[in-house]
$ cat data_6.txt   # compact mmCIF, C-alpha atoms and all ligand atoms
# COMPACT_ATOMS: atom_id res chain seq x y z
CA MET A 1 0.00 0.00 0.00
CA LYS A 2 1.13 3.58 -0.56
CA ALA A 3 0.70 6.61 1.67
CA ALA A 4 -2.34 8.84 1.08
CA PRO A 5 -1.40 12.15 -0.60
CA PHE A 6 0.10 14.81 1.66
CA ALA A 7 1.73 18.22 1.34
CA TYR A 8 5.38 18.56 2.36
CA ALA A 9 7.03 21.44 4.20
CA ARG A 10 10.73 21.74 5.02
CA PRO A 11 11.12 24.73 7.35
CA SER A 12 14.54 26.06 8.32
CA THR A 13 13.60 27.34 11.79
CA VAL A 14 11.58 25.98 14.71
CA ASP A 15 9.24 29.01 14.45
CA GLU A 16 8.46 28.14 10.83
CA ALA A 17 7.85 24.50 11.76
CA VAL A 18 5.44 25.52 14.51
CA ALA A 19 3.69 27.95 12.13
CA GLU A 20 3.25 25.14 9.56
CA LEU A 21 1.73 22.87 12.20
CA ALA A 22 -0.56 25.64 13.47
CA ARG A 23 -1.65 26.49 9.90
CA SER A 24 -2.63 22.87 9.29
CA GLY A 25 -5.18 23.08 12.13
CA GLY A 26 -4.28 19.68 13.59
CA GLY A 27 -3.76 18.00 10.20
CA GLY A 28 0.05 18.24 10.28
CA LYS A 29 2.67 15.79 11.49
CA VAL A 30 6.34 16.25 12.22
CA ILE A 31 8.72 13.86 10.48
CA SER A 32 12.23 13.39 11.86
CA GLY A 33 13.86 9.99 11.18
CA GLY A 34 10.74 8.56 9.55
CA GLN A 35 11.45 5.05 10.89
CA SER A 36 8.08 4.78 12.61
CA LEU A 37 6.06 7.38 10.73
CA VAL A 38 6.75 6.15 7.19
CA PRO A 39 5.45 2.60 7.86
CA VAL A 40 2.41 4.16 9.58
CA LEU A 41 1.77 6.29 6.47
CA ALA A 42 2.35 3.37 4.10
CA MET A 43 -0.24 1.31 5.99
CA ARG A 44 -2.57 4.35 6.00
CA LEU A 45 -2.87 4.18 9.78
CA ALA A 46 -2.40 7.96 9.64
CA ARG A 47 -3.30 10.40 6.85
CA PRO A 48 -1.70 13.74 7.72
CA GLU A 49 -2.47 16.61 5.36
CA VAL A 50 1.03 18.01 5.68
CA LEU A 51 4.35 16.52 6.75
CA VAL A 52 6.60 19.04 8.48
CA ASP A 53 10.16 17.82 7.93
CA ILE A 54 12.35 19.24 10.71
CA ASN A 55 15.63 17.91 9.30
CA GLY A 56 16.50 21.27 7.72
CA ILE A 57 16.59 23.07 11.09
CA ALA A 58 20.26 23.47 12.02
CA SER A 59 19.65 24.26 15.70
CA LEU A 60 18.06 20.82 16.28
CA ARG A 61 21.13 18.85 15.17
CA GLU A 62 23.27 19.41 18.26
CA ILE A 63 24.23 17.56 21.43
CA ARG A 64 24.88 20.31 23.99
CA ARG A 65 26.45 20.05 27.45
CA GLY A 66 25.45 22.21 30.38
CA ASP A 67 25.95 22.15 34.12
CA GLY A 68 25.28 18.50 34.97
CA PHE A 69 23.25 17.67 31.86
CA ALA A 70 23.46 16.72 28.19
CA GLU A 71 20.79 17.98 25.83
CA ILE A 72 20.03 16.07 22.64
CA GLY A 73 18.38 18.01 19.82
CA ALA A 74 15.36 16.72 17.92
CA THR A 75 17.14 15.53 14.79
CA VAL A 76 20.17 13.91 16.43
CA ARG A 77 20.20 10.28 15.25
CA GLN A 78 20.20 7.44 17.74
CA ARG A 79 23.40 6.10 16.17
CA ALA A 80 25.13 9.46 16.59
CA VAL A 81 24.33 9.37 20.31
CA GLU A 82 25.57 5.79 20.53
CA ARG A 83 28.92 6.83 19.02
CA ASP A 84 29.26 10.07 21.00
CA ALA A 85 30.84 10.48 24.45
CA VAL A 86 27.33 11.25 25.70
CA SER A 87 26.60 7.51 25.72
CA ARG A 88 29.25 7.20 28.48
CA GLU A 89 28.32 10.43 30.26
CA VAL A 90 24.70 9.20 30.41
CA PRO A 91 25.46 5.47 30.78
CA LEU A 92 21.84 4.31 30.51
CA LEU A 93 21.75 5.68 26.95
CA GLY A 94 24.85 3.66 26.12
CA LEU A 95 23.32 0.52 27.65
CA ALA A 96 19.90 0.92 25.99
CA LEU A 97 20.65 2.14 22.46
CA PRO A 98 22.07 -1.14 21.10
CA TRP A 99 18.66 -2.69 21.89
CA VAL A 100 16.72 -0.19 19.72
CA GLY A 101 15.88 -2.00 16.48
CA HIS A 102 18.94 -2.47 14.28
CA ARG A 103 21.95 -0.29 13.50
CA GLU A 104 20.50 0.72 10.11
CA LEU A 105 17.31 1.99 11.78
CA ARG A 106 19.29 3.84 14.42
CA SER A 107 21.30 5.64 11.76
CA ARG A 108 18.06 7.45 10.74
CA GLY A 109 15.83 7.21 13.83
CA THR A 110 16.14 10.00 16.39
CA VAL A 111 16.07 9.93 20.18
CA CYS A 112 13.33 12.58 20.27
CA GLY A 113 11.34 10.78 17.55
CA SER A 114 11.26 7.66 19.70
CA LEU A 115 10.02 9.71 22.67
CA ALA A 116 7.35 11.46 20.57
CA HIS A 117 6.21 8.14 19.08
CA ALA A 118 5.68 6.75 22.61
CA ASP A 119 5.58 3.06 21.85
CA PRO A 120 4.97 1.38 25.24
CA ALA A 121 7.61 -1.26 24.45
CA ALA A 122 10.30 1.20 23.33
CA GLU A 123 13.58 1.53 25.20
CA LEU A 124 14.28 5.28 25.11
CA PRO A 125 11.06 6.46 26.80
CA ALA A 126 11.96 4.15 29.70
CA VAL A 127 15.48 5.57 29.89
CA ALA A 128 14.06 9.11 29.93
CA CYS A 129 11.62 8.26 32.74
CA CYS A 130 14.18 6.36 34.81
CA LEU A 131 16.61 9.30 34.69
CA ASP A 132 13.87 11.89 35.23
CA ALA A 133 14.84 13.58 31.94
CA ARG A 134 13.14 16.78 30.83
CA LEU A 135 11.66 17.43 27.40
CA THR A 136 11.38 20.80 25.68
CA LEU A 137 8.13 21.28 23.77
CA THR A 138 7.88 24.33 21.51
CA GLY A 139 4.60 25.68 20.19
CA PRO A 140 2.97 28.98 19.17
CA ALA A 141 3.04 30.23 22.78
CA GLY A 142 6.75 29.47 23.23
CA SER A 143 8.63 26.62 24.91
CA ARG A 144 7.73 24.59 27.97
CA SER A 145 9.69 21.98 29.87
CA VAL A 146 7.91 18.73 30.75
CA ALA A 147 9.24 15.90 32.91
CA ALA A 148 9.49 12.62 31.01
CA ARG A 149 7.51 10.99 33.82
CA ASP A 150 4.57 13.31 32.96
CA PHE A 151 4.99 13.22 29.17
CA PHE A 152 3.66 9.75 28.32
CA ALA A 153 -0.13 9.63 28.42
CA GLY A 154 -0.80 6.13 27.05
CA ALA A 155 0.12 3.93 24.08
CA MET A 156 1.34 6.30 21.34
CA MET A 157 -0.06 9.24 23.32
CA THR A 158 1.89 12.11 24.85
CA GLU A 159 1.52 15.62 26.21
CA LEU A 160 2.59 17.05 22.81
CA GLY A 161 -0.02 19.39 21.37
CA PRO A 162 -0.85 19.15 17.63
CA ASP A 163 1.09 22.35 16.94
CA GLU A 164 4.09 21.58 19.16
CA VAL A 165 7.54 20.25 18.26
CA LEU A 166 9.62 18.26 20.71
CA THR A 167 12.80 20.26 20.22
CA ALA A 168 15.18 18.59 22.71
CA VAL A 169 15.53 16.20 25.62
CA ARG A 170 17.80 16.89 28.58
CA PHE A 171 19.41 13.99 30.49
CA PRO A 172 21.32 14.32 33.79
CA LEU A 173 24.98 13.27 33.58
CA ALA A 174 26.09 10.34 35.74
CA GLY A 175 27.44 11.27 39.15
CA LYS A 176 30.12 9.61 41.26
CA GLY A 177 28.73 6.47 42.89
CA ASP A 178 25.82 6.09 40.46
CA GLY A 179 25.10 2.62 39.10
CA TYR A 180 22.96 1.64 36.13
CA GLY A 181 21.35 -1.47 34.71
CA PHE A 182 19.34 -2.18 31.59
CA GLY A 183 17.83 -5.38 30.24
CA GLU A 184 15.00 -6.67 28.11
CA ILE A 185 13.59 -9.84 26.63
CA ALA A 186 12.40 -9.85 23.02
CA ARG A 187 11.73 -12.79 20.74
CA ARG A 188 14.55 -11.71 18.42
CA HIS A 189 17.19 -9.05 18.91
CA GLY A 190 15.85 -5.81 17.44
CA ASP A 191 12.20 -6.63 18.10
CA PHE A 192 10.21 -4.57 20.56
CA ALA A 193 10.55 -5.96 24.09
CA LEU A 194 8.07 -8.31 25.76
CA ALA A 195 9.33 -6.78 28.98
CA GLY A 196 12.27 -4.60 29.87
CA VAL A 197 13.76 -2.55 32.67
CA ALA A 198 15.98 0.50 33.18
CA VAL A 199 17.60 0.99 36.59
CA HIS A 200 19.45 3.83 38.32
CA VAL A 201 20.92 3.27 41.79
CA ARG A 202 22.24 6.13 43.94
CA GLU A 203 22.96 6.19 47.67
CA GLY A 204 20.87 3.16 48.52
CA ARG A 205 17.87 4.27 46.48
CA VAL A 206 16.69 2.97 43.13
CA ALA A 207 14.72 4.47 40.24
CA LEU A 208 13.23 1.58 38.31
CA THR A 209 11.32 1.92 35.02
CA GLY A 210 9.59 -0.97 33.30
CA PHE A 211 8.59 -0.99 29.62
CA GLY A 212 6.48 -3.40 27.59
CA ILE A 213 4.50 -4.00 30.79
CA SER A 214 1.82 -1.31 30.52
CA ASP A 215 0.50 1.28 28.05
CA ARG A 216 3.40 3.59 29.01
CA PRO A 217 6.68 3.41 30.97
CA VAL A 218 6.07 2.61 34.65
CA THR A 219 8.48 4.17 37.18
CA ARG A 220 8.95 3.53 40.89
CA THR A 221 11.52 5.11 43.18
CA ALA A 222 12.26 3.39 46.48
CA GLY A 223 14.95 2.32 48.91
CA LEU A 224 16.84 -0.73 47.70
CA ASP A 225 15.37 -2.78 50.55
CA GLU A 226 11.83 -1.71 49.61
CA ILE A 227 11.83 -3.49 46.23
CA THR A 228 9.66 -6.54 46.84
CA PRO A 229 8.20 -9.18 44.51
CA ASP A 230 4.74 -7.67 45.18
CA LEU A 231 5.88 -4.20 44.10
CA LEU A 232 7.40 -5.64 40.90
CA ALA A 233 4.23 -7.63 40.14
CA GLU A 234 2.02 -4.57 40.71
CA MET A 235 4.04 -2.56 38.14
CA VAL A 236 2.99 -4.95 35.35
CA ASP A 237 -0.35 -3.51 34.28
CA THR A 238 -1.45 -5.36 31.16
CA ASP A 239 -4.01 -8.02 30.28
CA GLY A 240 -1.47 -9.71 28.04
CA ASP A 241 -1.67 -10.12 24.27
CA VAL A 242 -0.80 -12.60 21.51
CA HIS A 243 2.89 -12.27 22.40
CA ALA A 244 2.77 -12.92 26.15
CA SER A 245 0.30 -13.29 28.99
CA ARG A 246 0.30 -11.01 32.02
CA ASP A 247 1.71 -13.77 34.24
CA TYR A 248 4.55 -14.46 31.83
CA ARG A 249 5.36 -10.75 31.60
CA ARG A 250 5.33 -10.53 35.41
CA ARG A 251 7.81 -13.36 35.61
CA LEU A 252 10.08 -11.84 32.95
CA PHE A 253 9.91 -8.43 34.56
CA ARG A 254 10.75 -9.72 38.04
CA VAL A 255 13.77 -11.68 36.79
CA LEU A 256 15.01 -8.69 34.76
CA ALA A 257 14.42 -6.17 37.53
CA GLU A 258 16.16 -8.23 40.23
CA ARG A 259 19.10 -8.96 37.94
CA GLU A 260 19.58 -5.36 36.79
CA ILE A 261 19.14 -3.87 40.28
CA ALA A 262 21.88 -6.22 41.48
CA ALA A 263 24.12 -5.20 38.55
CA ALA A 264 23.50 -1.49 39.14
CA THR A 265 24.17 -1.86 42.87
CA ARG A 266 27.50 -3.58 42.19
CA LYS A 267 28.51 -0.77 39.82
CA ALA A 268 27.40 1.88 42.31
CA SER A 269 29.60 0.42 45.04
CA ALA A 270 32.61 -0.36 42.77
C1 LIG B 301 11.70 -2.84 11.87
C2 LIG B 301 11.68 -1.81 12.98
C3 LIG B 301 12.09 -2.20 14.24
C4 LIG B 301 12.09 -1.26 15.27
N1 LIG B 301 12.48 -1.68 16.50
C5 LIG B 301 12.46 -0.80 17.51
C6 LIG B 301 12.83 -1.20 18.83
O1 LIG B 301 13.22 -2.33 19.09
N2 LIG B 301 12.76 -0.26 19.81
C7 LIG B 301 12.34 1.02 19.57
O2 LIG B 301 12.28 1.83 20.49
N3 LIG B 301 12.01 1.43 18.34
C8 LIG B 301 12.05 0.57 17.31
N4 LIG B 301 11.70 0.98 16.06
C9 LIG B 301 11.29 2.41 15.86
C10 LIG B 301 12.52 3.30 15.66
O3 LIG B 301 13.29 3.33 16.83
C11 LIG B 301 12.16 4.75 15.32
O4 LIG B 301 13.35 5.33 14.91
C12 LIG B 301 11.62 5.65 16.43
O5 LIG B 301 10.53 5.09 17.07
C13 LIG B 301 11.07 6.95 15.86
O6 LIG B 301 12.08 7.84 15.58
P1 LIG B 301 12.07 8.62 14.21
O7 LIG B 301 13.05 9.73 14.37
O8 LIG B 301 12.27 7.69 13.09
O9 LIG B 301 10.59 9.28 14.20
P2 LIG B 301 9.53 9.42 13.02
O10 LIG B 301 9.24 8.10 12.42
O11 LIG B 301 9.94 10.51 12.12
O12 LIG B 301 8.26 9.93 13.87
C14 LIG B 301 7.59 9.06 14.77
C15 LIG B 301 6.41 9.82 15.39
O13 LIG B 301 6.87 10.84 16.26
C16 LIG B 301 6.49 12.14 15.79
N5 LIG B 301 7.68 12.97 15.94
C17 LIG B 301 8.95 12.64 15.58
N6 LIG B 301 9.80 13.59 15.95
C18 LIG B 301 9.06 14.56 16.54
C19 LIG B 301 9.40 15.81 17.14
N7 LIG B 301 10.67 16.23 17.23
N8 LIG B 301 8.40 16.57 17.65
C20 LIG B 301 7.10 16.13 17.58
N9 LIG B 301 6.73 14.95 17.04
C21 LIG B 301 7.71 14.18 16.53
C22 LIG B 301 6.05 11.95 14.35
O14 LIG B 301 5.08 12.90 13.97
C23 LIG B 301 5.50 10.53 14.38
O15 LIG B 301 4.19 10.55 14.90
C24 LIG B 301 11.69 0.09 15.02
C25 LIG B 301 11.29 0.47 13.74
C26 LIG B 301 11.28 -0.46 12.71
C27 LIG B 301 10.86 -0.02 11.35

$ encode --input "data_6.txt" --output "structure tokens"
Amino acid sequence: MKAAPFAYARPSTVDEAVAELARSGGGGKVISGGQSLVPVLAMRLARPEVLVDINGIASLREIRRGDGFAEIGATVRQRAVERDAVSREVPLLGLALPWVGHRELRSRGTVCGSLAHADPAAELPAVACCLDARLTLTGPAGSRSVAARDFFAGAMMTELGPDEVLTAVRFPLAGKGDGYGFGEIARRHGDFALAGVAVHVREGRVALTGFGISDRPVTRTAGLDEITPDLLAEMVDTDGDVHASRDYRRRLFRVLAEREIAAATRKASA
């Protein structure tokens, strides 16, 4: 099948991109890497009137460092992050990125595109929630900063308005004594996860985010000794599907969470 007809705009500034989206009255869609959107268009699961291609906007192509954070612009490719020092400065990114699809997809797909797409089984939304990353959303009224933990509103649903662009995501840099863990189970490497976990341990406390276990990433923060099998089971909020039942996902998630918390704790105390 082919995509339904659409108009194409390639703005050179964020203001122009926002104006294009606003002009379309809700009928526009941003395209960045196209790795999720193009298949959606080809299957006619979406029929946007105009595609707003943000790849011509120079200011969105940068990885910037600030005081204690790294900020990844909207068109920075996943593979570029993987190969940049930022994947060591934000170790969870370095641990998670090799799990995102395949290298060829990552050479086009963007970090921000994955966040905006909000697949419940995707790795990068979980990393953003685990690290309490902040997203910059820019629309006609200006920019606003939204915590990743508030951004995901359901499967493929986010806080992004129809005339807003996700312009950047800001991750905290690792501190001394931080430990991280990341793991997932998928049928084949590169498939979306049946269940997965991102872990950050600091000073005896853990931030734990599960993915593939609900309609959005699920985060809990607790003392290391407060992580119980009941808490892990309660995080898995799905009826199951053709790929895995709820009980099976609970079992996978518990094994992954316990293993990765142990790994992160070892790294934190090394
Ligand atoms: C075979 C295959 C396997 C894959 N496996 C995985 C996997 O294992 N894990 C995983 O996480 N992903 C996987 N993906 C998806 C891939 O990671 C995509 O790159 C990613 O989800 C979307 O990034 P993108 O830049 O390509 O976004 P696009 O495809 O360009 O856009 C995706 C959606 O986000 C919106 N959007 C994009 N950027 C912005 C922005 N800056 N502001 C506002 N809205 C925006 C678009 O309008 C669209 O709705 C897979 C894809 C394929 C085709």

$ residues_near_ligand --input "data_6.txt" --ligand "ligand LIG 301 (chain B)" --cutoff "6 Å" --atoms "all atoms listed in the file" --output "PyMOL selection string"
chain A and resi 29-37+74+100-101+109-110+112-114+116-117+122-123+165-167+190-192

$ closest_residue --input "data_6.txt" --among "A:Leu173, A:Ala128, A:Ala3, A:Val18" --to "Arg44 of chain A" --atoms "only C-alpha atoms"
A:Ala3

$ atom_distance --input "data_6.txt" --atom1 "atom CA of Arg249 of chain A" --atom2 "atom CA of Gly210 of chain A"
10.8 Å

$ atom_distance --input "data_6.txt" --atom1 "atom CA of Val52 of chain A" --atom2 "atom CA of Leu105 of chain A"
20.4 Å

$ closest_residue --input "data_6.txt" --among "A:Arg259, A:Arg220, A:Arg88, A:Arg106" --to "Glu184 of chain A" --atoms "all atoms listed in the file"
A:Arg259

$ atom_distance --input "data_6.txt" --atom1 "atom CA of Leu41 of chain A" --atom2 "atom CA of Glu159 of chain A"
21.8 Å

$ closest_residue --input "data_6.txt" --among "A:Arg205, A:Val14, A:Ala80, A:Ala126" --to "Asp225 of chain A" --atoms "all atoms listed in the file"
A:Arg205

$ residues_around --input "data_6.txt" --residues "Ala22 of chain A" --least-positions-apart "4" --cutoff "10 Å" --atoms "all atoms listed in the file" --output "list in words"
Glu16, Ala17, Val18, Gly26, Gly27, Gly28, Gly139, Pro140, Pro162, Asp163 and Glu164 of chain A

$ residues_around --input "data_6.txt" --residues "Arg64 of chain A" --least-positions-apart "3" --cutoff "12 Å" --atoms "all atoms listed in the file" --output "list in words"
Ser59, Leu60, Arg61, Asp67, Gly68, Phe69, Ala70, Glu71, Ile72, Gly73, Ala74, Val76, Val81, Asp84, Ala85, Val86, Ala168, Val169, Arg170, Phe171 and Leu173 of chain A

$ closest_residue --input "data_6.txt" --among "A:Ala207, A:Ile185, A:Leu224, A:Ala198" --to "His243 of chain A" --atoms "all atoms listed in the file"
A:Ile185

$ closest_residue --input "data_6.txt" --among "A:Ala222, A:Leu115, A:Ala244, A:Met157" --to "Leu208 of chain A" --atoms "all atoms listed in the file"
A:Ala222

$ closest_residue --input "data_6.txt" --among "A:Val111, A:Ala262, A:Ala9, A:Val197" --to "Leu232 of chain A" --atoms "all atoms listed in the file"
A:Val197

$ axis_aligned_box --input "data_6.txt" --around "segment 11-24 of chain A" --padding-each-side "3 Å" --output "JSON"
{"center_x": 6.0, "center_y": 25.9, "center_z": 11.0, "size_x": 23.2, "size_y": 12.1, "size_z": 13.4}
